[in-house]
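Asker: Provided herewith is a single structure, encoded as structure tokens, for subsequent inquiry.
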Amino acid sequence: MTKFTTRKTYRPYVSPLDPCPPIKEKVYSTPAQLYLGFQPENLPQFTAKEALYAGTLWKLLYDPYYGPMEKGRDDE
Amino acid sequence: MTDKPVPKDFYAMMEELQAVDFVLVELTLYLDTHPDDYQAIQQFNEYSHARQTLKVQFEQKFGPLLQFGNSYSGYPWNWKDTPWPWQI
């Protein structure tokens, strides 16, 4: 089974008249908060320092949207 | 505004203070919508206590953080000595 990832893809329609090289597969990020609804209690948390750099206190809500070319894509 | 560089541990203590502040901001926003989450309130009080002790330590070394009575002042009036937040 492939590794869980928050990325989802779709394949846009490519017109034969399109002058530019088409992008066959588009990637978009669907972080946990889209499906979370009301945040439950006692979710696992980062430490203070990690939270400062992660941008959120709760691990579940951590959603670093790196570009396809950027390094540091730990959730890929 | 002095131009001499700040001592080394200024940045370490400032980062720690910022980390605690960030946790407090997150918990405040969380508790606004979860008023009866006992664990989060306990954590909030722990961190606010930690923040107060950190503030005292920081100010003894580097001068007041806040003004208008929120921080003690050294002698002479020195709240303008440490670099401004956008300069650190």
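Note on naming: chains are A, B, ... as they come in the structure tokens, residues start from 1 per chain, ligands start from 1 in the order shown.
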Could you write out as a list in words the residues of chain B within 7 Å of chain A, counting only C-alpha atoms?
Answerer: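 Putting it all together, I get Ala19, Val20, Phe22, Val23, Glu26 and Asp37 of chain B.
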Asker: If you run DSSP on the backbone here, which positions in chain B get helix (DSSP H, G or I)? Please write them as a ChimeraX atom specification.
Answerer: /B:9-33,38-62
Asker: Extract, using only C-alpha atoms, all DNA, RNA and protein residues at most 9 Å from Thr9 in chain A, discarding same-chain residues fewer than 2 positions from it, and format them as an NGL selection string.
Answerer: :A and (7 or 11 or 25-29)
Asker: Range 85-88 of chain B: which residues within 12 Å, counting only C-alpha atoms, same-chain residues fewer than 5 positions away excluded, as a ChimeraX atom specification?
Answerer: /B:1-3,5-8,10-12,14-15,18,65-66,80
Asker: Write a file of the selected residues as a compact mmCIF listing (two decimals), in the first residue's frame, keeping C-alpha atoms.
Answerer:
```txt
# COMPACT_ATOMS: atom_id res chain seq x y z
CA MET B 1 20.07 52.96 20.87
CA THR B 2 23.43 51.28 21.42
CA ASP B 3 25.05 49.63 18.44
CA PRO B 5 26.11 43.52 19.56
CA VAL B 6 23.94 41.73 22.10
CA PRO B 7 25.44 38.88 24.12
CA LYS B 8 25.21 35.38 22.70
CA PHE B 10 20.20 36.81 24.08
CA TYR B 11 19.02 34.88 21.04
CA ALA B 12 18.69 31.61 22.88
CA MET B 14 14.56 35.16 23.06
CA GLU B 15 13.80 32.04 21.04
CA GLN B 18 8.98 33.16 21.52
CA LEU B 65 10.53 43.84 27.40
CA LEU B 66 7.35 45.86 27.80
CA LYS B 80 15.47 51.83 24.59
```
Asker: Could you pull out the strand (DSSP E) residues of chain A from DSSP and send them as a list of chain:residue names?
Answerer: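 Matching residues, listed in order: A:Arg7, A:Lys8, A:Thr9, A:Tyr10, A:Lys26, A:Val27, A:Tyr28, A:Ser29.
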Asker: Quick one: residues within 8 Å of Gly74 in chain B, only C-alpha atoms counted, chain neighbours fewer than 4 positions away excluded, as a PyMOL selection string?
Answerer: chain B and resi 63-64+78-79
